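Enquirer: Hey, dropping work_9.txt in here, compact mmCIF, C-alpha atoms:
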# COMPACT_ATOMS: atom_id res chain seq x y z
CA MET A 1 18.84 41.70 -51.29
CA VAL A 2 17.39 43.29 -48.14
CA PHE A 3 14.28 41.83 -46.54
CA ASN A 4 13.76 44.26 -43.69
CA THR A 5 15.40 47.53 -42.82
CA ASN A 6 14.54 47.78 -39.14
CA LYS A 7 17.88 49.03 -37.77
CA LYS A 8 17.22 48.41 -34.09
CA MET A 9 16.95 44.71 -34.67
CA LYS A 10 19.85 42.32 -34.85
CA LYS A 11 21.42 41.93 -38.25
CA ILE A 12 21.93 38.53 -39.82
CA LEU A 13 23.97 37.88 -42.95
CA ILE A 14 23.08 34.79 -44.97
CA ILE A 15 25.74 33.61 -47.43
CA GLU A 16 23.97 30.92 -49.43
CA ASP A 17 23.80 30.26 -53.17
CA GLU A 18 20.40 28.54 -53.13
CA MET A 19 17.75 31.14 -53.84
CA ALA A 20 14.97 28.96 -52.34
CA LEU A 21 16.82 28.74 -49.03
CA GLN A 22 17.55 32.47 -49.05
CA GLU A 23 13.84 33.12 -49.54
CA SER A 24 12.57 30.70 -46.88
CA LEU A 25 15.21 31.18 -44.19
CA GLY A 26 15.60 34.92 -44.85
CA GLY A 27 11.84 35.29 -45.05
CA LEU A 28 11.11 33.62 -41.73
CA LEU A 29 13.94 35.44 -39.94
CA SER A 30 12.77 38.82 -41.21
CA GLU A 31 9.23 37.95 -40.17
CA LYS A 32 10.60 37.33 -36.70
CA GLY A 33 11.92 40.89 -36.81
CA TYR A 34 15.56 40.42 -37.72
CA GLN A 35 17.30 42.50 -40.31
CA VAL A 36 18.40 40.07 -42.96
CA ILE A 37 21.05 40.75 -45.57
CA SER A 38 22.17 38.14 -48.01
CA ALA A 39 24.75 37.15 -50.57
CA LEU A 40 24.61 34.45 -53.22
CA ASP A 41 28.39 33.90 -53.44
CA GLY A 42 31.39 33.81 -51.10
CA GLU A 43 33.10 36.93 -52.36
CA THR A 44 30.02 39.17 -52.07
CA GLY A 45 29.32 37.62 -48.67
CA LEU A 46 32.78 38.45 -47.35
CA ASN A 47 32.54 42.05 -48.59
CA LEU A 48 29.07 42.46 -47.06
CA ALA A 49 30.33 41.09 -43.73
CA LYS A 50 33.12 43.68 -43.67
CA LYS A 51 30.82 46.52 -44.71
CA GLU A 52 27.69 45.73 -42.67
CA ASN A 53 29.22 44.22 -39.53
CA PRO A 54 26.32 41.80 -38.84
CA ASP A 55 25.55 40.20 -35.44
CA LEU A 56 25.59 36.71 -36.93
CA ILE A 57 26.66 35.08 -40.18
CA LEU A 58 25.01 31.97 -41.64
CA LEU A 59 27.47 30.43 -44.05
CA ASP A 60 27.10 27.69 -46.65
CA LEU A 61 30.30 25.79 -47.60
CA ILE A 62 29.93 25.14 -51.31
CA LEU A 63 29.65 28.58 -52.85
CA PRO A 64 30.57 30.17 -56.16
CA LYS A 65 33.64 32.43 -56.48
CA MET A 66 34.94 31.71 -52.96
CA SER A 67 34.18 28.63 -50.83
CA GLY A 68 32.70 28.84 -47.35
CA PHE A 69 35.99 27.55 -45.91
CA GLU A 70 37.87 30.45 -47.52
CA VAL A 71 35.24 32.99 -46.41
CA LEU A 72 35.49 31.72 -42.83
CA GLU A 73 39.28 31.89 -42.91
CA GLU A 74 39.21 35.48 -44.19
CA LEU A 75 36.56 36.50 -41.63
CA LYS A 76 38.68 35.17 -38.77
CA LYS A 77 41.83 36.89 -40.10
CA ASP A 78 40.24 40.34 -40.18
CA LEU A 79 40.12 42.14 -36.79
CA LYS A 80 36.86 43.83 -37.82
CA THR A 81 34.99 40.58 -38.49
CA LYS A 82 36.91 38.21 -36.21
CA GLU A 83 34.38 38.33 -33.37
CA ILE A 84 31.21 37.85 -35.44
CA PRO A 85 29.78 34.39 -34.66
CA VAL A 86 29.48 32.17 -37.72
CA ILE A 87 27.07 29.25 -38.02
CA VAL A 88 27.91 26.92 -40.88
CA LEU A 89 24.78 25.68 -42.63
CA THR A 90 25.55 22.99 -45.15
CA ASN A 91 24.69 19.58 -46.46
CA LEU A 92 28.31 18.41 -46.40
CA GLU A 93 28.75 16.15 -43.43
CA GLY A 94 32.11 14.47 -43.68
CA ILE A 95 33.85 14.22 -40.30
CA GLY A 96 36.79 16.08 -41.84
CA ASP A 97 34.57 18.97 -42.89
CA VAL A 98 33.13 19.43 -39.40
CA GLU A 99 36.57 19.36 -37.80
CA LYS A 100 38.00 21.79 -40.35
CA VAL A 101 35.17 24.29 -39.90
CA ILE A 102 35.33 24.19 -36.09
CA ALA A 103 39.12 24.57 -36.19
CA LEU A 104 38.67 27.62 -38.42
CA GLY A 105 36.54 29.19 -35.68
CA ALA A 106 32.89 28.55 -36.59
CA LYS A 107 30.46 28.65 -33.66
CA SER A 108 28.51 25.63 -34.82
CA TYR A 109 27.90 23.31 -37.75
CA LEU A 110 24.39 22.40 -38.87
CA VAL A 111 23.51 19.88 -41.56
CA LYS A 112 20.56 21.55 -43.27
CA ALA A 113 18.81 18.37 -44.30
CA GLU A 114 18.58 17.24 -40.68
CA TYR A 115 16.46 20.18 -39.52
CA THR A 116 13.17 21.77 -40.33
CA LEU A 117 13.09 25.49 -41.03
CA GLU A 118 11.65 26.23 -37.57
CA GLU A 119 14.33 24.16 -35.84
CA VAL A 120 17.09 26.06 -37.65
CA VAL A 121 15.51 29.42 -36.80
CA GLU A 122 15.28 28.31 -33.16
CA LYS A 123 18.98 27.48 -33.14
CA ILE A 124 19.82 30.81 -34.74
CA GLU A 125 17.79 32.70 -32.13
CA LYS A 126 19.54 30.79 -29.35
CA ALA A 127 22.93 31.71 -30.81
CA LEU A 128 21.95 35.38 -30.91
CA LYS A 129 21.01 35.52 -27.22
CA MET B 1 44.34 -21.30 -42.57
CA ILE B 2 46.27 -18.18 -43.61
CA SER B 3 45.57 -18.75 -47.27
CA PHE B 4 41.86 -19.16 -46.50
CA LYS B 5 41.86 -15.85 -44.70
CA ILE B 6 43.63 -14.22 -47.65
CA PHE B 7 41.06 -15.57 -50.08
CA SER B 8 38.17 -14.25 -48.01
CA GLU B 9 39.90 -10.86 -47.57
CA CYS B 10 40.44 -10.61 -51.32
CA LYS B 11 36.85 -11.59 -52.01
CA LYS B 12 35.78 -8.66 -49.84
CA TYR B 13 37.58 -6.19 -52.14
CA LYS B 14 35.71 -7.60 -55.13
CA ILE B 15 38.84 -7.59 -57.34
CA PRO B 16 40.59 -10.49 -59.16
CA LEU B 17 43.06 -12.50 -57.07
CA TRP B 18 46.08 -11.35 -59.10
CA GLN B 19 45.24 -7.75 -58.17
CA CYS B 20 44.78 -8.40 -54.48
CA PRO B 21 47.70 -7.12 -52.34
CA GLN B 22 47.44 -9.81 -49.66
CA PHE B 23 47.59 -12.59 -52.27
CA LEU B 24 50.50 -10.94 -54.09
CA PHE B 25 52.42 -10.66 -50.82
CA LEU B 26 51.97 -14.38 -50.25
CA ILE B 27 53.30 -15.12 -53.75
CA LEU B 28 56.19 -12.70 -53.17
CA GLY B 29 57.14 -14.52 -49.97
CA LEU B 30 56.99 -17.90 -51.70
CA VAL B 31 59.07 -16.65 -54.65
CA ILE B 32 61.74 -15.26 -52.29
CA ILE B 33 62.03 -18.55 -50.37
CA PHE B 34 62.07 -20.52 -53.60
CA SER B 35 64.69 -18.19 -55.13
CA ILE B 36 67.03 -18.55 -52.17
CA ILE B 37 66.88 -22.34 -52.27
CA PHE B 38 67.08 -22.44 -56.07
CA THR B 39 70.03 -20.05 -56.19
CA TYR B 40 71.85 -22.12 -53.60
CA LEU B 41 71.29 -25.35 -55.53
CA ILE B 42 72.19 -23.90 -58.91
CA GLY B 43 75.07 -21.95 -57.40
CA ALA B 44 76.52 -25.12 -55.83
CA LYS B 45 76.32 -26.95 -59.17
CA TYR B 46 77.48 -24.18 -61.56
CA ILE B 47 79.86 -22.34 -59.27
CA GLN B 48 82.43 -22.26 -62.09
CA ASP B 49 79.97 -20.85 -64.62
CA LEU B 50 79.61 -17.29 -63.28
CA ALA B 51 77.74 -16.03 -66.37
CA THR B 52 74.85 -18.51 -65.89
CA LEU B 53 74.68 -17.70 -62.18
CA THR B 54 74.57 -13.95 -62.83
CA LEU B 55 71.89 -14.39 -65.48
CA LEU B 56 69.82 -16.50 -63.10
CA ILE B 57 70.06 -13.94 -60.29
CA CYS B 58 69.15 -11.15 -62.74
CA PHE B 59 66.12 -13.14 -63.85
CA LEU B 60 64.95 -13.71 -60.26
CA THR B 61 65.47 -10.05 -59.41
CA ILE B 62 63.27 -9.09 -62.37
CA VAL B 63 60.52 -11.48 -61.19
CA LEU B 64 60.68 -10.00 -57.69
CA PHE B 65 60.65 -6.47 -59.09
CA ILE B 66 57.54 -7.21 -61.20
CA LEU B 67 55.76 -8.70 -58.19
CA ALA B 68 56.63 -5.76 -55.96
CA PHE B 69 55.43 -3.39 -58.68
CA SER B 70 52.09 -5.24 -58.95
CA ILE B 71 51.65 -5.00 -55.19
CA VAL B 72 52.18 -1.25 -55.15
CA ASN B 73 49.85 -0.96 -58.13
CA SER B 74 47.11 -2.98 -56.48
CA PHE B 75 47.33 -0.86 -53.34
CA GLU B 76 46.94 2.23 -55.51
CA ASN B 77 43.89 0.69 -57.19
CA LEU B 78 42.29 -0.07 -53.84
CA LEU B 79 42.96 3.43 -52.62
CA SER B 80 41.47 5.01 -55.72
CA VAL B 81 38.35 2.83 -55.41
CA SER B 82 37.82 3.95 -51.82
CA ARG B 83 38.55 7.58 -52.83
CA LEU B 84 35.99 7.35 -55.65
CA LYS B 85 33.50 5.91 -53.21
CA SER B 86 33.91 8.67 -50.66
CA GLU B 87 33.72 11.26 -53.45
CA PHE B 88 30.49 9.64 -54.59
CA ILE B 89 29.11 9.81 -51.06
CA GLU B 90 30.00 13.50 -50.85
CA ILE B 91 28.27 14.18 -54.16
CA VAL B 92 25.15 12.29 -53.14
CA SER B 93 24.99 13.88 -49.72
CA HIS B 94 25.37 17.37 -51.07
CA SER B 95 23.76 17.40 -54.48
CA LEU B 96 20.78 15.23 -53.69
CA ARG B 97 20.01 16.80 -50.37
CA THR B 98 20.23 20.42 -51.45
CA PRO B 99 17.11 20.40 -53.69
CA LEU B 100 15.30 18.39 -51.02
CA THR B 101 16.14 20.95 -48.34
CA ASN B 102 14.93 23.68 -50.70
CA LEU B 103 11.63 21.87 -51.05
CA ASN B 104 11.28 21.16 -47.32
CA TRP B 105 12.12 24.63 -46.13
CA THR B 106 9.91 26.28 -48.73
CA ILE B 107 6.96 24.16 -47.57
CA ASP B 108 7.86 24.96 -43.94
CA PHE B 109 7.97 28.66 -44.72
CA PHE B 110 4.68 28.51 -46.56
CA LEU B 111 3.01 26.69 -43.68
CA THR B 112 4.37 28.96 -40.95
CA LYS B 113 3.84 32.16 -42.90
CA ASN B 114 0.35 31.67 -44.27
CA PRO B 115 -1.59 29.21 -42.14
CA ASN B 116 -4.65 31.46 -42.23
CA LYS B 117 -4.43 32.35 -45.88
CA ILE B 118 -4.35 28.81 -47.22
CA GLU B 119 -7.39 26.59 -47.38
CA LYS B 120 -7.50 23.61 -45.04
CA GLU B 121 -7.39 21.19 -47.94
CA GLN B 122 -4.26 22.82 -49.32
CA ILE B 123 -2.55 22.68 -45.94
CA GLU B 124 -3.27 18.98 -45.91
CA GLN B 125 -1.77 18.61 -49.39
CA LEU B 126 1.32 20.56 -48.38
CA ARG B 127 1.72 18.24 -45.41
CA PHE B 128 1.56 15.24 -47.77
CA LEU B 129 4.26 16.84 -49.88
CA LYS B 130 6.37 17.43 -46.81
CA GLU B 131 5.85 13.88 -45.57
CA SER B 132 7.02 12.48 -48.92
CA SER B 133 10.09 14.65 -49.11
CA LYS B 134 10.91 13.73 -45.52
CA ARG B 135 10.77 10.08 -46.48
CA MET B 136 13.08 10.75 -49.38
CA GLU B 137 15.50 12.56 -47.07
CA ASP B 138 15.33 9.67 -44.63
CA LEU B 139 16.19 7.23 -47.40
CA ILE B 140 19.16 9.33 -48.56
CA SER B 141 20.48 9.61 -44.99
CA LYS B 142 20.21 5.88 -44.47
CA LEU B 143 21.84 5.04 -47.81
CA LEU B 144 24.72 7.32 -46.85
CA ILE B 145 25.10 5.55 -43.52
CA VAL B 146 25.02 2.14 -45.22
CA SER B 147 27.80 3.09 -47.61
CA ARG B 148 29.84 4.54 -44.76
CA LEU B 149 29.43 1.42 -42.62
CA GLU B 150 32.03 -0.29 -44.80
CA ASP B 151 34.58 2.42 -44.11
CA PRO B 152 36.85 1.47 -41.15
CA THR B 153 37.25 5.13 -40.13
CA PHE B 154 33.47 5.38 -39.72
CA PHE B 155 33.45 4.36 -36.06
CA GLN B 156 36.69 6.01 -35.06
CA SER B 157 35.42 9.19 -33.47
CA LYS B 158 34.09 8.10 -30.09
CA GLU B 159 33.45 9.96 -26.88
CA GLU B 160 32.06 9.35 -23.42
CA ILE B 161 28.30 9.68 -23.58
CA SER B 162 25.25 9.16 -21.47
CA ILE B 163 22.83 6.82 -23.21
CA GLU B 164 20.07 8.03 -20.87
CA GLU B 165 20.43 11.63 -22.06
CA ILE B 166 20.31 10.60 -25.71
CA LEU B 167 17.27 8.42 -25.06
CA ASN B 168 15.41 11.25 -23.32
CA ASP B 169 16.14 13.62 -26.22
CA ILE B 170 14.81 11.11 -28.72
CA ILE B 171 11.65 10.45 -26.70
CA GLN B 172 11.08 14.20 -26.46
CA LYS B 173 11.34 14.48 -30.24
CA ALA B 174 8.91 11.58 -30.78
CA LYS B 175 6.29 12.91 -28.35
CA ASP B 176 3.93 14.21 -31.06
CA LYS B 177 3.89 10.86 -32.85
CA ILE B 178 3.32 8.99 -29.57
CA GLU B 179 0.44 11.27 -28.64
CA LYS B 180 -1.11 11.04 -32.10
CA LEU B 181 -1.37 7.25 -31.81
CA LYS B 182 -2.44 7.54 -28.12
CA LEU B 183 0.39 5.22 -27.13
CA ASN B 184 1.20 4.56 -23.53
CA LEU B 185 4.96 4.92 -22.97
CA GLU B 186 6.50 3.34 -19.88
CA LEU B 187 10.10 4.05 -18.95
CA LYS B 188 12.23 2.06 -16.53
CA ILE B 189 15.65 3.66 -16.31
CA GLN B 190 18.10 2.55 -13.65
CA LYS B 191 19.66 5.39 -11.65
CA ASP B 192 23.35 6.38 -11.99
CA LEU B 193 24.02 4.41 -15.16
CA PRO B 194 27.67 4.43 -16.21
CA LYS B 195 28.61 6.31 -19.37
CA ILE B 196 29.55 4.45 -22.50
CA PHE B 197 32.23 5.07 -25.09
CA ALA B 198 30.63 5.55 -28.49
CA ASN B 199 29.88 8.03 -31.23
CA PRO B 200 26.72 9.91 -30.12
CA PHE B 201 25.49 10.35 -33.70
CA TYR B 202 25.41 6.62 -34.37
CA LEU B 203 24.00 5.66 -30.99
CA LYS B 204 21.23 8.17 -31.68
CA ILE B 205 20.49 6.39 -34.97
CA VAL B 206 20.17 3.07 -33.09
CA LEU B 207 17.79 4.39 -30.42
CA GLU B 208 15.80 6.44 -32.93
CA SER B 209 15.31 3.45 -35.23
CA LEU B 210 14.17 1.13 -32.44
CA LEU B 211 11.79 3.70 -30.94
CA ASP B 212 10.48 4.66 -34.37
CA ASN B 213 9.72 1.00 -35.16
CA ALA B 214 7.95 0.55 -31.82
CA ILE B 215 5.79 3.61 -32.62
CA CYS B 216 5.10 3.08 -36.34
CA TYR B 217 4.35 -0.62 -36.12
CA ASN B 218 2.22 -0.26 -32.99
CA LYS B 219 -1.58 -0.25 -32.85
CA GLU B 220 -3.62 2.71 -31.71
CA SER B 221 -3.74 3.03 -27.90
CA GLY B 222 -0.97 0.43 -27.71
CA LYS B 223 1.89 0.29 -25.26
CA ILE B 224 5.65 0.82 -25.44
CA GLU B 225 7.92 -0.26 -22.57
CA ILE B 226 11.54 0.84 -22.45
CA GLU B 227 14.10 -0.49 -20.02
CA LEU B 228 17.63 0.71 -19.52
CA GLU B 229 19.90 -0.87 -16.94
CA LYS B 230 23.40 -2.03 -16.11
CA LYS B 231 24.08 -5.72 -16.55
CA GLY B 232 27.58 -6.67 -15.47
CA LYS B 233 30.00 -4.68 -17.61
CA ASN B 234 27.29 -3.87 -20.14
CA ILE B 235 24.42 -1.49 -20.61
CA TYR B 236 21.20 -3.30 -21.42
CA PHE B 237 18.46 -1.64 -23.45
CA GLU B 238 15.08 -3.16 -24.16
CA ILE B 239 12.04 -1.87 -26.02
CA LYS B 240 8.72 -3.73 -26.08
CA ASP B 241 5.69 -2.85 -28.17
CA THR B 242 2.18 -4.17 -28.64
CA GLY B 243 2.26 -3.76 -32.41
CA VAL B 244 1.80 -5.83 -35.54
CA GLY B 245 4.81 -8.04 -34.79
CA ILE B 246 6.97 -9.93 -37.30
CA PRO B 247 5.69 -13.15 -38.93
CA LYS B 248 7.74 -16.16 -37.91
CA GLU B 249 8.87 -16.96 -41.46
CA ASP B 250 10.26 -13.41 -41.89
CA GLN B 251 12.14 -13.25 -38.61
CA LYS B 252 15.42 -14.60 -39.97
CA TYR B 253 15.60 -11.85 -42.59
CA ILE B 254 14.85 -8.75 -40.57
CA PHE B 255 18.46 -7.59 -40.17
CA GLN B 256 19.04 -7.82 -43.93
CA LYS B 257 19.43 -4.77 -46.15
CA PHE B 258 16.11 -3.58 -47.67
CA PHE B 259 14.07 -6.39 -46.15
CA ARG B 260 10.50 -5.46 -45.25
CA SER B 261 8.09 -7.91 -43.79
CA GLU B 262 4.92 -8.77 -45.72
CA ASN B 263 2.53 -7.74 -42.96
CA ILE B 264 4.08 -4.26 -42.91
CA ALA B 265 3.42 -3.82 -46.61
CA LYS B 266 -0.18 -4.86 -45.94
CA PHE B 267 -0.60 -2.10 -43.34
CA GLN B 268 1.09 0.36 -45.72
CA ILE B 269 3.56 1.57 -43.12
CA PRO B 270 6.29 3.58 -44.85
CA GLY B 271 9.92 2.62 -44.25
CA THR B 272 13.24 2.02 -45.97
CA GLY B 273 14.09 -1.51 -44.84
CA LEU B 274 17.49 -0.20 -43.76
CA SER B 275 17.03 0.78 -40.11
CA LEU B 276 17.55 -2.63 -38.52
CA PHE B 277 20.45 -3.45 -40.84
CA ILE B 278 22.18 -0.21 -39.80
CA THR B 279 21.26 -0.72 -36.13
CA LYS B 280 22.81 -4.19 -36.02
CA LYS B 281 26.00 -3.02 -37.74
CA ILE B 282 26.42 -0.13 -35.31
CA ILE B 283 25.80 -2.27 -32.22
CA GLU B 284 28.26 -4.90 -33.44
CA ASN B 285 30.87 -2.24 -34.11
CA LEU B 286 30.47 -1.04 -30.53
CA GLY B 287 31.29 -4.57 -29.41
CA GLY B 288 27.69 -5.29 -28.46
CA LYS B 289 24.92 -7.73 -29.27
CA ILE B 290 21.38 -7.25 -30.51
CA GLY B 291 18.39 -9.58 -30.48
CA PHE B 292 14.62 -9.74 -30.59
CA GLU B 293 11.51 -11.80 -30.04
CA SER B 294 8.27 -11.23 -31.84
CA ILE B 295 4.80 -12.68 -32.18
CA GLU B 296 2.65 -11.64 -35.11
CA ASN B 297 -0.26 -9.40 -34.09
CA LYS B 298 0.95 -9.29 -30.49
CA GLY B 299 4.14 -7.25 -30.60
CA SER B 300 7.92 -7.29 -30.56
CA ARG B 301 10.70 -6.97 -28.03
CA PHE B 302 14.09 -5.72 -29.19
CA TRP B 303 17.11 -5.59 -26.93
CA PHE B 304 20.81 -4.78 -27.12
CA LEU B 305 23.84 -4.97 -24.88
CA ILE B 306 26.81 -2.65 -25.23
CA PRO B 307 29.97 -2.63 -23.14
CA THR B 308 30.55 0.40 -20.91
CA LYS B 309 34.34 0.31 -21.32
CA LYS B 310 36.44 1.46 -24.29
Once more with this new file: its structure as structure tokens, please.
Expert:
Amino acid sequence: MVFNTNKKMKKILIIEDEMALQESLGGLLSEKGYQVISALDGETGLNLAKKENPDLILLDLILPKMSGFEVLEELKKDLKTKEIPVIVLTNLEGIGDVEKVIALGAKSYLVKAEYTLEEVVEKIEKALK
Amino acid sequence: MISFKIFSECKKYKIPLWQCPQFLFLILGLVIIFSIIFTYLIGAKYIQDLATLTLLICFLTIVLFILAFSIVNSFENLLSVSRLKSEFIEIVSHSLRTPLTNLNWTIDFFLTKNPNKIEKEQIEQLRFLKESSKRMEDLISKLLIVSRLEDPTFFQSKEEISIEEILNDIIQKAKDKIEKLKLNLELKIQKDLPKIFANPFYLKIVLESLLDNAICYNKESGKIEIELEKKGKNIYFEIKDTGVGIPKEDQKYIFQKFFRSENIAKFQIPGTGLSLFITKKIIENLGGKIGFESIENKGSRFWFLIPTKK
């Protein structure tokens, strides 16, 4: 699914299995002028990351086919995708989950339910600067 | 004394006494002491009859083995209960919040994308929808905190934090609400306050709840006064409002789970009845104290003290 094909703009990959979140988050980001690509499962997300080399990855943790933890591990193993910043966007908020994700190399960890759409977009824009 | 403590500990687990590890340990200890004395007495009397003595020791060993087995079993039961509970919390936090986030973000997107295309009335309705789903989210978050409060690992992750910084962030976030009610906010923060050792997430919940109460239960054009200062080895926080206050007969219940005062229901102020319960638990776990004074229709003053040291 491609929302906007403006190539000069920064590219954001959203790996998220909830269609409604893909639509709202992807929609607002592409309205702000970002090129948004998205995947509804971990495996497709990982392949897209390797192929498209995005500037930022937004990653959910509970995903079909391959979990967010596994995707993050694979991304950090591969020299090609190692440097891409990853923001974990999830509703899991166990202390263990946060620690695990940060240890695996994620840039930050956001609990979706705690933010409005605008606040999340603001944080994403800050991370891209 | 010890046995009293054991009984109250076992009551806390909500399991029968014969399944409670502490109680079983006590019995095990008593059986061992009794066995030693008994074996000595019987042994002294029947020293010639080795068969009886061996049988007796075998019997006692079996009793001890059964007791030890029950203890291990009861520990396993307790562990599985706490595992089930944390699994349940995970399920609630993820599965219940995901559809709510979908709803919230879709409304957000709709409102930011099409503010000119939607009629004013519909925008208003969307805001109602958003307000309701926010309340639901708030309730889920608080229920999760309540169930985690009973977990001893809950308060383990602490760091050095500045209470002043957290307070300023929270006030910044509440600015819209304060302006909407035309409230006059007065801040008295002592300079160079020492840092405290706590978990920032939970301290934020405390300050947010107290400020939110002072805003929501206030009257239009009312006043909120916040004081933050060092008192001995403690940090003292106080928040005063000129709101609806708490009726005298309700004051003893306000730190209870789900309690909401009658006058609040009358004013139709939304809330979960969990904030003050959570706040008190967090403050107590930080080794602090919380208190309040309130006069109906005049306002309330809430305060807490928390130690600056670890």
Enquirer: Name all residues at most 12 Å from Gln172 (chain B) (count all atoms listed in the file; drop same-chain ones fewer than 5 positions away) and give them as a VMD selection string.
Expert: chain B and resid 165 to 167 177 to 179 185 208 211
Enquirer: Just need the residues of chain A within 8 Å of chain B, counting only C-alpha atoms, so spit them out as a short mmCIF file (atom, residue, chain, number, x, y, z; two decimals) with C-alpha atoms, in the coordinates of the input.
Expert:
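out.cif was written with the following content:
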data_model
loop_
_atom_site.label_atom_id
_atom_site.label_comp_id
_atom_site.auth_asym_id
_atom_site.auth_seq_id
_atom_site.Cartn_x
_atom_site.Cartn_y
_atom_site.Cartn_z
CA GLU A 18 20.40 28.54 -53.13
CA ALA A 20 14.97 28.96 -52.34
CA LEU A 21 16.82 28.74 -49.03
CA GLU A 23 13.84 33.12 -49.54
CA SER A 24 12.57 30.70 -46.88
CA LEU A 25 15.21 31.18 -44.19
CA GLY A 27 11.84 35.29 -45.05
CA LEU A 28 11.11 33.62 -41.73
CA ASN A 91 24.69 19.58 -46.46
CA LEU A 92 28.31 18.41 -46.40
CA GLU A 93 28.75 16.15 -43.43
CA GLY A 94 32.11 14.47 -43.68
CA LYS A 112 20.56 21.55 -43.27
CA ALA A 113 18.81 18.37 -44.30
CA THR A 116 13.17 21.77 -40.33
CA LEU A 117 13.09 25.49 -41.03
CA GLU A 118 11.65 26.23 -37.57
#
Enquirer: Take CA of Lys289 (chain B) and CA of Trp303 (chain B) and report the distance between them in Å, one decimal.
Expert: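 Separation between CA of Lys289 (chain B) and CA of Trp303 (chain B): 8.4 Å.
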Enquirer: Enter the distance from CA of Leu187 (chain B) to CA of Gly243 (chain B), in Å, rounded to one decimal.
Expert: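 These atoms are spaced 17.4 Å apart.
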Enquirer: Could you check how far CA of Phe7 (chain B) sits from CA of Leu64 (chain B), in Å to one decimal?
Expert: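 Result for CA of Phe7 (chain B) versus CA of Leu64 (chain B): 21.8 Å, one decimal.
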Enquirer: Considering only C-alpha atoms, can you say which of A:Val120, A:Leu89, A:Val98, A:Ala127 comes closest to Leu61 (chain A)?
Expert: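 Nearest candidate to Leu61 (chain A) out of A:Val120, A:Leu89, A:Val98, A:Ala127: A:Leu89.
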Enquirer: What's the 7 Å shell around Val88 (chain A), counting all atoms listed in the file, without same-chain residues fewer than 4 positions away, as a VMD selection string?
Expert: chain A and resid 58 to 60 106 108 to 110
Enquirer: Would you compute, for all listed atoms of region 37-56 of chain A, the axis-aligned bounding box grown by 4 Å on each side, and then report its centre and edge lengths in Å rounded to one decimal, as JSON?
Expert:
{"center_x": 27.1, "center_y": 40.2, "center_z": -44.4, "size_x": 20.1, "size_y": 20.7, "size_z": 26.0}
Enquirer: Calculated over only C-alpha atoms, which of the candidates A:Ile87, A:Met9, A:Met19, A:Val121 has the smallest distance to Gln35 (chain A)?
Expert: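 Nearest to Gln35 (chain A): A:Met9.
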Enquirer: Write out as a list in words which residues come within 10 Å of Glu83 (chain A) when counting only C-alpha atoms, dropping same-chain ones fewer than 3 positions away.
Expert: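 In the requested form, the answer reads Asn53, Asp55, Leu56, Leu75, Lys76, Asp78, Leu79, Lys80, Val86 and Gly105 of chain A.
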Enquirer: In file coordinates, which residues lie within 12 Å of (56.8, -15.1, -54.8) using all atoms listed in the file, given as a short mmCIF file (atom, residue, chain, number, x, y, z; two decimals) with C-alpha atoms, in the coordinates of the input?
Expert:
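Generated output (selection-v6.cif):
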data_model
loop_
_atom_site.label_atom_id
_atom_site.label_comp_id
_atom_site.auth_asym_id
_atom_site.auth_seq_id
_atom_site.Cartn_x
_atom_site.Cartn_y
_atom_site.Cartn_z
CA GLN B 22 47.44 -9.81 -49.66
CA PHE B 23 47.59 -12.59 -52.27
CA LEU B 24 50.50 -10.94 -54.09
CA PHE B 25 52.42 -10.66 -50.82
CA LEU B 26 51.97 -14.38 -50.25
CA ILE B 27 53.30 -15.12 -53.75
CA LEU B 28 56.19 -12.70 -53.17
CA GLY B 29 57.14 -14.52 -49.97
CA LEU B 30 56.99 -17.90 -51.70
CA VAL B 31 59.07 -16.65 -54.65
CA ILE B 32 61.74 -15.26 -52.29
CA ILE B 33 62.03 -18.55 -50.37
CA PHE B 34 62.07 -20.52 -53.60
CA SER B 35 64.69 -18.19 -55.13
CA ILE B 36 67.03 -18.55 -52.17
CA LEU B 60 64.95 -13.71 -60.26
CA THR B 61 65.47 -10.05 -59.41
CA ILE B 62 63.27 -9.09 -62.37
CA VAL B 63 60.52 -11.48 -61.19
CA LEU B 64 60.68 -10.00 -57.69
CA PHE B 65 60.65 -6.47 -59.09
CA ILE B 66 57.54 -7.21 -61.20
CA LEU B 67 55.76 -8.70 -58.19
CA ALA B 68 56.63 -5.76 -55.96
CA SER B 70 52.09 -5.24 -58.95
CA ILE B 71 51.65 -5.00 -55.19
#
Enquirer: I need the residue nearest Glu227 (chain B) from this list: B:Ile37, B:Val244, B:Ile196, B:Ile163. Use all atoms listed in the file for the distance.
Expert: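 When distances to Glu227 (chain B) are compared using all atoms listed in the file, the smallest one comes from B:Ile163.
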Enquirer: Residues around (16.2, -5.5, -26.2), cut-off 6 Å, counting all atoms listed in the file - what are they as a VMD selection string?
Expert: chain B and resid 237 to 239 301 to 304
